[in-house]
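Engineer: Contents of my_file_29.cif (mmCIF, C-alpha atoms) are below:
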data_input
loop_
_atom_site.label_atom_id
_atom_site.label_comp_id
_atom_site.auth_asym_id
_atom_site.auth_seq_id
_atom_site.Cartn_x
_atom_site.Cartn_y
_atom_site.Cartn_z
CA MET A 22 89.24 137.00 73.46
CA SER A 23 86.90 136.31 70.53
CA PRO A 24 84.09 133.80 70.80
CA ALA A 25 84.97 130.27 69.64
CA PRO A 26 81.56 129.00 68.58
CA PHE A 27 82.81 125.62 67.32
CA VAL A 28 84.52 124.59 70.52
CA SER A 29 82.05 122.96 72.88
CA LEU A 30 82.58 124.12 76.43
CA GLY A 31 80.40 121.17 77.41
CA ALA A 32 83.54 119.05 77.41
CA MET A 33 84.58 120.83 80.59
CA SER A 34 81.63 119.51 82.53
CA LYS A 35 82.68 116.97 85.14
CA VAL A 36 81.00 114.34 87.25
CA THR A 37 82.03 115.06 90.81
CA CYS A 38 81.13 113.71 94.20
CA GLN A 39 81.00 115.30 97.65
CA ILE A 40 80.77 112.85 100.51
CA ALA A 41 81.72 112.56 104.18
CA MET A 42 83.19 109.25 105.36
CA SER A 43 84.18 107.94 108.78
CA LEU A 44 87.74 106.76 109.25
CA ASP A 45 86.44 103.18 109.17
CA GLY A 46 84.84 103.75 105.78
CA PHE A 47 81.14 104.44 106.36
CA VAL A 48 78.96 107.26 105.02
CA ALA A 49 76.03 106.34 107.29
CA GLY A 50 75.97 104.47 110.57
CA PRO A 51 74.33 101.16 111.43
CA ARG A 52 70.56 100.61 111.76
CA GLN A 53 69.26 103.32 109.45
CA SER A 54 65.52 103.89 109.87
CA PRO A 55 62.92 106.57 109.06
CA ASP A 56 63.58 108.06 112.50
CA ASP A 57 67.34 107.79 112.11
CA PRO A 58 68.08 108.18 108.39
CA LEU A 59 71.85 108.46 108.88
CA GLY A 60 72.01 105.48 111.22
CA ILE A 61 73.51 105.43 114.70
CA GLY A 62 76.11 108.18 114.97
CA GLY A 63 75.83 109.09 111.29
CA GLU A 64 74.96 112.73 111.98
CA ARG A 65 78.48 113.14 113.43
CA LEU A 66 79.79 112.91 109.84
CA HIS A 67 78.31 116.31 109.09
CA GLU A 68 78.87 118.23 112.34
CA TRP A 69 81.78 120.18 110.81
CA MET A 70 79.33 121.76 108.34
CA PHE A 71 76.96 122.95 111.04
CA ALA A 72 79.35 124.02 113.78
CA PRO A 73 78.34 127.41 115.23
CA GLU A 74 81.94 128.59 114.90
CA PRO A 75 83.44 126.43 112.18
CA HIS A 76 87.18 126.11 111.68
CA PRO A 77 88.25 128.38 108.77
CA ALA A 78 89.35 125.38 106.69
CA ASP A 79 85.93 123.75 107.10
CA ALA A 80 84.07 127.02 106.52
CA ALA A 81 85.91 127.49 103.23
CA VAL A 82 84.96 123.99 102.08
CA THR A 83 81.34 124.39 103.20
CA ALA A 84 81.04 127.69 101.34
CA ARG A 85 82.06 126.01 98.09
CA LEU A 86 80.16 122.71 98.45
CA LEU A 87 77.54 123.55 95.83
CA ASP A 88 79.69 125.70 93.52
CA GLY A 89 79.62 125.00 89.82
CA ASN A 90 77.00 122.28 89.91
CA GLY A 91 74.28 122.20 87.28
CA ALA A 92 72.61 118.99 88.43
CA TYR A 93 72.74 116.48 91.27
CA VAL A 94 72.34 112.73 91.45
CA MET A 95 71.36 110.93 94.61
CA GLY A 96 70.14 107.53 95.71
CA ARG A 97 66.60 107.00 96.87
CA ASN A 98 67.69 106.51 100.49
CA MET A 99 69.26 109.93 100.43
CA PHE A 100 66.06 111.44 99.06
CA GLY A 101 63.78 109.95 101.65
CA PRO A 102 63.38 107.55 104.54
CA VAL A 103 63.90 103.89 103.83
CA ARG A 104 61.50 102.04 101.62
CA GLY A 105 57.80 102.41 102.01
CA ALA A 106 57.53 105.79 103.65
CA TRP A 107 58.02 108.21 100.82
CA GLU A 108 56.41 106.97 97.62
CA GLY A 109 53.33 109.04 98.36
CA ASP A 110 53.86 112.74 98.86
CA TRP A 111 57.34 112.80 100.38
CA ARG A 112 59.21 115.88 99.10
CA GLY A 113 62.73 115.29 100.45
CA TRP A 114 64.46 116.26 103.68
CA TRP A 115 65.20 119.84 102.71
CA GLY A 116 61.92 121.72 103.11
CA GLU A 117 60.12 123.58 100.33
CA ASP A 118 63.26 125.42 99.09
CA PRO A 119 66.07 122.82 98.95
CA PRO A 120 69.66 124.07 98.72
CA TYR A 121 70.27 122.61 95.24
CA HIS A 122 68.51 125.14 92.97
CA THR A 123 69.01 122.78 90.01
CA PRO A 124 67.47 119.54 88.77
CA VAL A 125 68.14 116.63 91.14
CA PHE A 126 67.97 113.10 89.74
CA VAL A 127 66.97 110.40 92.20
CA LEU A 128 68.09 106.87 91.29
CA THR A 129 65.27 104.58 92.35
CA HIS A 130 63.23 101.52 91.42
CA HIS A 131 60.00 103.45 91.94
CA ALA A 132 58.73 105.58 89.05
CA ARG A 133 57.19 108.87 90.05
CA GLU A 134 56.28 112.19 88.45
CA PRO A 135 58.85 114.97 88.92
CA VAL A 136 58.41 117.11 92.01
CA GLU A 137 59.00 120.81 91.52
CA MET A 138 60.15 122.72 94.58
CA ALA A 139 60.74 126.41 95.21
CA GLY A 140 64.02 128.04 94.21
CA GLY A 141 64.74 126.02 91.08
CA THR A 142 65.08 122.52 92.54
CA THR A 143 63.12 119.81 90.75
CA PHE A 144 63.37 116.18 91.80
CA HIS A 145 63.31 113.71 88.91
CA PHE A 146 62.95 109.99 89.54
CA VAL A 147 64.95 107.70 87.28
CA THR A 148 64.41 103.96 87.26
CA GLU A 149 66.69 102.97 84.35
CA GLY A 150 69.94 102.67 86.30
CA VAL A 151 73.15 104.56 86.77
CA GLU A 152 74.10 105.17 83.11
CA VAL A 153 70.73 106.72 82.29
CA VAL A 154 70.62 108.84 85.41
CA LEU A 155 74.07 110.25 84.54
CA GLU A 156 73.04 110.89 80.95
CA ARG A 157 70.01 112.85 82.07
CA ALA A 158 71.98 114.74 84.71
CA ARG A 159 74.71 115.66 82.21
CA ALA A 160 72.12 116.93 79.76
CA ALA A 161 70.52 119.05 82.48
CA ALA A 162 73.85 120.38 83.78
CA GLY A 163 75.10 121.55 80.39
CA GLU A 164 78.51 123.13 80.89
CA ARG A 165 78.28 122.91 84.65
CA ASN A 166 79.14 119.87 86.76
CA VAL A 167 77.06 116.91 87.82
CA CYS A 168 77.51 116.29 91.54
CA ILE A 169 76.84 112.90 93.10
CA GLY A 170 75.55 113.52 96.61
CA GLY A 171 75.29 109.94 97.89
CA GLY A 172 74.65 107.55 99.40
CA ALA A 173 77.35 104.93 99.27
CA SER A 174 75.57 102.66 96.81
CA THR A 175 75.09 105.43 94.26
CA VAL A 176 78.66 106.70 94.55
CA ASN A 177 79.99 103.15 94.31
CA GLN A 178 77.94 102.48 91.16
CA VAL A 179 79.17 105.66 89.47
CA LEU A 180 82.76 104.89 90.38
CA ALA A 181 82.46 101.27 89.24
CA ALA A 182 80.99 102.45 85.93
CA GLY A 183 84.10 104.59 85.33
CA GLN A 184 81.97 107.75 85.23
CA LEU A 185 83.44 109.76 88.09
CA ASP A 186 85.92 112.55 87.30
CA GLU A 187 86.52 113.99 90.74
CA LEU A 188 85.90 112.92 94.31
CA HIS A 189 85.87 115.34 97.22
CA LEU A 190 86.09 113.18 100.30
CA HIS A 191 85.62 114.56 103.79
CA ILE A 192 87.36 112.10 106.11
CA VAL A 193 85.96 112.44 109.61
CA PRO A 194 88.05 110.86 112.40
CA ILE A 195 85.24 108.88 113.98
CA MET A 196 84.45 105.18 113.90
CA LEU A 197 80.87 104.18 113.05
CA GLY A 198 81.55 100.45 113.38
CA GLY A 199 79.04 99.55 110.67
CA GLY A 200 76.56 101.03 108.22
CA GLU A 201 76.79 102.01 104.56
CA ARG A 202 80.29 101.29 103.30
CA LEU A 203 81.87 103.51 100.67
CA PHE A 204 84.20 102.00 98.04
CA ALA A 205 82.74 98.47 98.12
CA GLY A 206 82.90 96.79 94.72
CA VAL A 207 84.22 99.82 92.84
CA GLY A 208 87.07 98.04 91.08
CA ASP A 209 90.41 99.81 91.03
CA PRO A 210 90.06 103.32 89.59
CA ALA A 211 93.30 105.29 89.20
CA LEU A 212 93.06 108.15 91.66
CA GLU A 213 95.43 111.02 92.29
CA VAL A 214 95.29 113.50 95.14
CA VAL A 215 94.75 117.06 93.93
CA GLU A 216 94.53 118.80 97.29
CA ALA A 217 94.17 118.09 101.00
CA VAL A 218 93.23 120.56 103.69
CA THR A 219 92.39 119.80 107.28
CA SER A 220 90.86 121.03 110.48
CA PRO A 221 91.06 119.08 113.75
CA ALA A 222 87.60 117.65 112.95
CA VAL A 223 87.84 116.61 109.30
CA THR A 224 90.34 116.17 106.47
CA HIS A 225 89.11 117.28 103.06
CA VAL A 226 90.84 115.42 100.22
CA ARG A 227 90.13 116.10 96.58
CA TYR A 228 90.93 113.22 94.17
CA ARG A 229 91.05 113.23 90.41
CA VAL A 230 90.24 110.06 88.49
CA VAL A 231 93.10 109.59 86.00
CA ARG A 232 92.17 108.28 82.54
CA MET B 5 116.14 126.42 133.91
CA SER B 6 117.18 124.23 136.87
CA PRO B 7 116.96 120.46 136.74
CA ALA B 8 113.71 119.01 138.05
CA PRO B 9 114.83 115.62 139.29
CA PHE B 10 111.46 114.59 140.68
CA VAL B 11 109.57 115.05 137.42
CA SER B 12 109.72 111.91 135.35
CA LEU B 13 110.34 112.62 131.70
CA GLY B 14 109.04 109.10 131.10
CA ALA B 15 105.55 110.56 131.07
CA MET B 16 106.36 112.07 127.68
CA SER B 17 106.76 108.70 126.04
CA LYS B 18 103.91 107.97 123.63
CA VAL B 19 102.49 104.93 121.92
CA THR B 20 102.32 105.82 118.24
CA CYS B 21 101.49 103.99 115.05
CA GLN B 22 102.69 104.38 111.48
CA ILE B 23 100.61 102.57 108.90
CA ALA B 24 99.63 102.84 105.23
CA MET B 25 96.00 102.18 104.31
CA SER B 26 94.16 101.95 100.99
CA LEU B 27 91.21 104.25 100.46
CA ASP B 28 88.92 101.26 100.98
CA GLY B 29 90.46 100.57 104.38
CA PHE B 30 93.00 97.78 103.94
CA VAL B 31 96.62 97.58 105.10
CA ALA B 32 97.31 94.41 103.11
CA GLY B 33 95.60 93.01 100.04
CA PRO B 34 93.63 89.80 99.63
CA ARG B 35 95.18 86.29 99.58
CA GLN B 36 98.31 86.87 101.64
CA SER B 37 100.78 84.02 101.38
CA PRO B 38 104.48 83.35 102.03
CA ASP B 39 105.18 84.34 98.43
CA ASP B 40 102.94 87.39 98.63
CA PRO B 41 103.08 88.60 102.24
CA LEU B 42 101.27 91.87 101.55
CA GLY B 43 98.53 90.17 99.51
CA ILE B 44 97.48 91.05 95.99
CA GLY B 45 98.38 94.67 95.28
CA GLY B 46 99.50 95.29 98.86
CA GLU B 47 102.99 96.45 97.85
CA ARG B 48 101.34 99.46 96.18
CA LEU B 49 100.65 100.81 99.69
CA HIS B 50 104.35 101.46 100.17
CA GLU B 51 105.47 102.62 96.73
CA TRP B 52 105.63 106.27 97.86
CA MET B 53 108.41 105.30 100.29
CA PHE B 54 110.54 103.67 97.62
CA ALA B 55 109.99 105.98 94.65
CA PRO B 56 113.32 106.79 92.93
CA GLU B 57 112.39 110.48 92.94
CA PRO B 58 109.91 110.84 95.76
CA HIS B 59 107.65 113.86 96.09
CA PRO B 60 109.13 116.27 98.69
CA ALA B 61 106.12 115.81 100.99
CA ASP B 62 106.59 112.03 100.94
CA ALA B 63 110.36 112.27 101.30
CA ALA B 64 109.95 114.41 104.42
CA VAL B 65 107.59 111.86 105.96
CA THR B 66 109.81 108.91 105.02
CA ALA B 67 112.86 110.60 106.54
CA ARG B 68 111.07 110.90 109.89
CA LEU B 69 109.32 107.52 109.96
CA LEU B 70 111.58 106.05 112.63
CA ASP B 71 112.36 109.23 114.58
CA GLY B 72 112.04 109.19 118.33
CA ASN B 73 111.17 105.53 118.67
CA GLY B 74 112.74 103.47 121.44
CA ALA B 75 110.87 100.24 120.71
CA TYR B 76 108.53 98.72 118.15
CA VAL B 77 105.58 96.37 118.38
CA MET B 78 104.43 94.25 115.47
CA GLY B 79 102.16 91.30 114.82
CA ARG B 80 103.55 87.91 113.88
CA ASN B 81 102.35 88.21 110.28
CA MET B 82 104.38 91.36 109.89
CA PHE B 83 107.45 89.62 111.28
CA GLY B 84 107.29 86.65 108.97
CA PRO B 85 105.30 84.73 106.39
CA VAL B 86 101.97 83.32 107.43
CA ARG B 87 101.81 80.53 109.98
CA GLY B 88 104.10 77.57 109.74
CA ALA B 89 107.01 78.96 107.80
CA TRP B 90 108.92 80.99 110.35
CA GLU B 91 108.94 79.29 113.72
CA GLY B 92 112.30 77.76 112.94
CA ASP B 93 115.12 80.07 112.04
CA TRP B 94 113.21 82.87 110.31
CA ARG B 95 114.86 86.23 111.16
CA GLY B 96 112.39 88.73 109.69
CA TRP B 97 112.08 90.38 106.27
CA TRP B 98 114.73 93.02 106.83
CA GLY B 99 118.07 91.23 106.43
CA GLU B 100 120.76 90.98 109.09
CA ASP B 101 120.70 94.71 109.97
CA PRO B 102 117.02 95.71 110.22
CA PRO B 103 116.13 99.42 110.14
CA TYR B 104 114.75 99.49 113.70
CA HIS B 105 117.96 99.61 115.79
CA THR B 106 115.90 99.07 118.94
CA PRO B 107 114.07 96.19 120.60
CA VAL B 108 111.14 94.95 118.52
CA PHE B 109 108.35 93.07 120.28
CA VAL B 110 106.48 90.55 118.19
CA LEU B 111 102.96 89.70 119.37
CA THR B 112 102.49 85.98 118.72
CA HIS B 113 101.08 82.75 120.07
CA HIS B 114 104.41 80.98 119.52
CA ALA B 115 107.04 81.35 122.25
CA ARG B 116 110.60 81.71 121.00
CA GLU B 117 113.95 82.91 122.33
CA PRO B 118 114.90 86.50 121.41
CA VAL B 119 116.75 86.93 118.12
CA GLU B 120 119.56 89.46 118.21
CA MET B 121 120.39 91.12 114.90
CA ALA B 122 123.11 93.52 113.83
CA GLY B 123 122.77 97.25 114.50
CA GLY B 124 120.87 97.09 117.78
CA THR B 125 117.67 95.37 116.68
CA THR B 126 116.55 92.46 118.85
CA PHE B 127 113.29 90.63 118.17
CA HIS B 128 111.43 89.57 121.31
CA PHE B 129 108.46 87.21 121.09
CA VAL B 130 105.59 87.91 123.45
CA THR B 131 102.74 85.45 123.90
CA GLU B 132 100.84 87.14 126.75
CA GLY B 133 98.75 89.51 124.66
CA VAL B 134 98.56 93.19 123.83
CA GLU B 135 98.75 94.67 127.34
CA VAL B 136 101.93 92.76 128.19
CA VAL B 137 103.59 93.48 124.87
CA LEU B 138 102.95 97.21 125.41
CA GLU B 139 104.25 97.06 128.96
CA ARG B 140 107.48 95.45 127.82
CA ALA B 141 107.86 97.85 124.89
CA ARG B 142 107.28 100.88 127.12
CA ALA B 143 109.89 99.65 129.55
CA ALA B 144 112.38 99.15 126.73
CA ALA B 145 111.61 102.52 125.10
CA GLY B 146 112.12 104.53 128.28
CA GLU B 147 111.55 108.19 127.45
CA ARG B 148 111.29 107.51 123.75
CA ASN B 149 108.15 106.37 121.93
CA VAL B 150 106.75 102.93 121.30
CA CYS B 151 105.77 102.60 117.64
CA ILE B 152 103.18 100.07 116.48
CA GLY B 153 104.20 98.94 113.00
CA GLY B 154 101.25 96.69 112.14
CA GLY B 155 99.52 94.71 110.92
CA ALA B 156 95.86 95.60 111.14
CA SER B 157 95.06 93.16 113.91
CA THR B 158 97.81 94.49 116.18
CA VAL B 159 96.91 98.13 115.56
CA ASN B 160 93.23 97.39 116.10
CA GLN B 161 93.96 95.63 119.41
CA VAL B 162 96.08 98.53 120.69
CA LEU B 163 93.42 101.05 119.66
CA ALA B 164 90.61 98.97 121.18
CA ALA B 165 92.60 98.69 124.43
CA GLY B 166 92.73 102.51 124.62
CA GLN B 167 96.53 102.43 124.54
CA LEU B 168 97.28 104.44 121.41
CA ASP B 169 98.31 108.09 121.77
CA GLU B 170 99.00 109.02 118.17
CA LEU B 171 98.24 107.57 114.75
CA HIS B 172 100.14 108.52 111.63
CA LEU B 173 98.00 107.24 108.78
CA HIS B 174 99.22 107.22 105.20
CA ILE B 175 96.08 107.12 103.05
CA VAL B 176 96.92 105.76 99.60
CA PRO B 177 94.31 106.38 96.88
CA ILE B 178 94.09 102.80 95.68
CA MET B 179 91.40 100.16 96.19
CA LEU B 180 92.55 96.72 97.34
CA GLY B 181 89.04 95.26 97.37
CA GLY B 182 89.79 92.95 100.28
CA GLY B 183 92.51 91.93 102.71
CA GLU B 184 93.41 93.03 106.21
CA ARG B 185 90.99 95.70 107.36
CA LEU B 186 92.16 98.50 109.65
CA PHE B 187 89.79 99.92 112.30
CA ALA B 188 87.62 96.81 112.65
CA GLY B 189 86.31 96.39 116.19
CA VAL B 190 88.24 99.31 117.65
CA GLY B 191 85.31 100.94 119.43
CA ASP B 192 84.99 104.69 119.12
CA PRO B 193 88.20 106.41 120.21
CA ALA B 194 88.13 110.22 120.22
CA LEU B 195 90.53 111.29 117.48
CA GLU B 196 91.60 114.74 116.43
CA VAL B 197 93.60 115.66 113.35
CA VAL B 198 96.95 117.24 114.22
CA GLU B 199 98.33 117.63 110.72
CA ALA B 200 97.71 116.56 107.12
CA VAL B 201 100.14 116.82 104.23
CA THR B 202 99.76 115.33 100.80
CA SER B 203 101.44 114.38 97.58
CA PRO B 204 99.51 113.15 94.53
CA ALA B 205 100.23 109.58 95.67
CA VAL B 206 99.43 109.60 99.39
CA THR B 207 97.88 111.76 102.11
CA HIS B 208 99.66 111.67 105.45
CA VAL B 209 97.34 112.41 108.36
CA ARG B 210 98.49 112.57 111.95
CA TYR B 211 95.79 111.95 114.59
CA ARG B 212 95.94 112.46 118.33
CA VAL B 213 93.83 110.28 120.60
CA VAL B 214 92.04 112.67 122.95
CA ARG B 215 91.62 111.57 126.57
#
Take the structure from the file and write it as structure tokens.
Structural biologist:
Amino acid sequence: MSPAPFVSLGAMSKVTCQIAMSLDGFVAGPRQSPDDPLGIGGERLHEWMFAPEPHPADAAVTARLLDGNGAYVMGRNMFGPVRGAWEGDWRGWWGEDPPYHTPVFVLTHHAREPVEMAGGTTFHFVTEGVEVVLERARAAAGERNVCIGGGASTVNQVLAAGQLDELHLHIVPIMLGGGERLFAGVGDPALEVVEAVTSPAVTHVRYRVVR
Amino acid sequence: MSPAPFVSLGAMSKVTCQIAMSLDGFVAGPRQSPDDPLGIGGERLHEWMFAPEPHPADAAVTARLLDGNGAYVMGRNMFGPVRGAWEGDWRGWWGEDPPYHTPVFVLTHHAREPVEMAGGTTFHFVTEGVEVVLERARAAAGERNVCIGGGASTVNQVLAAGQLDELHLHIVPIMLGGGERLFAGVGDPALEVVEAVTSPAVTHVRYRVVR
């Protein structure tokens, strides 16, 4: 009950990931373009989140998607349309008040000044690779978690680097037939299922990376 | 309450599939060979079935794996080692009394006389393709189900042909990094989750194909 000033609660901070995957392993469909950033059929991966009358299991997951996160990491394709379109004044897909309300670190090859949005979201652009982006995100998150939002390449890099603590995978029973493949080149991390809940439209599985 | 002799109960027979898949989408690992029929690491897909003290969720699934099946369909690689080794007197991996106790239809390019085993299992070799193998299996199963046992190519063909009614997928949180990929070229069947149960080692998801 008394404060324990010499024990760092920072050790409880985790690197987590929330991502929706088709049954055939894709987190975006084929032929992504500025007009179709999720590729053909890719928007079907997220329908469960936006259903007018969501299944209770999905509603419970959606309500907690952003809980406990003190920073986000995402790839540059998740931040904006494919190369070329956004280096100027692109400010993300999420309008002037993005849902993150924390620092968001965008892994990119293109340096850019931070972009401060309403509601506490600031986009930072990091060109030094996955280890540096995680270091900066951890520092920003403090005792809260760092959440990797996607896309596949970013998640795969974090997993391959042995930096992921928890993966919350939303397995959607559709086939995209092509696109951005999750779990390519990630090595063989030791994963353990912590929890699985399902609706007819999506199975939510939470994995812990065992060390 | 009275018998309904003109209603065929045969209509209740389903084509189902039981298969274990790695999180990166493989049902066998890379470099399959006669000495290593499941490929590198592939045996890890089935460890939950053979654990000395299985988790109750896994034990319940294992106990019901063969329930209600009146015939099985499998690919030739599941029946025996890769091409060349088995055309002679190979009698399958399962000893003289295989666990099936029903007709088993092997989809192959190599014609061969049926092989009758102990305990009611007979292996039939069908060279006319997926539609014919299903027709023969349905006829043999009668009112019971036809179960597709694998491998990936056979399951994918049945799914692509629109002939699967139910898929029981055992998602094992390992990465095989290569091998036989499930769900390649299957089109976009409409699937719905019926049930999901999990242990730390594997998530069992039952899907219904919606028509």
Engineer: Once the PyMOL selection byres ((chain A) within 6 of (chain B)) has been applied to the shown file, what residues remain in the selection, as a count of residues only?
Structural biologist: 9
Engineer: Name every residue that the PyMOL selection byres ((chain A and resi 124-141) around 6) selects in this structure, writing the answer as a VMD selection string with chains first and numbers rising.
Structural biologist: chain A and resid 92 to 97 117 to 118 122 to 123 142 to 148
Engineer: How would you write, as a PyMOL selection string, the residues chosen by the PyMOL selection byres ((chain B and resi 163) around 10) on this structure?
Structural biologist: chain B and resi 21+157-162+164-171+187+189-193+213
Engineer: Mind giving me the straight-line distance from atom CA of Leu42 of chain B to atom CA of Met82 of chain B in Å, one decimal?
Structural biologist: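 Value for the atom CA of Leu42 of chain B-atom CA of Met82 of chain B distance: 8.9 Å.
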Engineer: Between B:Lys18, B:Pro60, B:Pro34, B:Leu69, which is the closest to Gly153 of chain B once you count only C-alpha atoms?
Structural biologist: B:Leu69
Engineer: Quick one: pull the distance between atom CA of Ala24 of chain B and atom CA of Thr83 of chain A, Å, one decimal.
Structural biologist: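 Spanning atom CA of Ala24 of chain B to atom CA of Thr83 of chain A is a straight-line distance of 28.3 Å.
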Engineer: Give me, please, the distance in Å between atom CA of Asn81 of chain B and atom CA of Ser43 of chain A, quoted to one decimal.
Structural biologist: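 Those two atoms sit 26.9 Å apart.
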Engineer: Write out as a count of residues only which residues come within 10 Å of Trp114 of chain A when counting all atoms listed in the file, dropping same-chain ones fewer than 3 positions away.
Structural biologist: 7
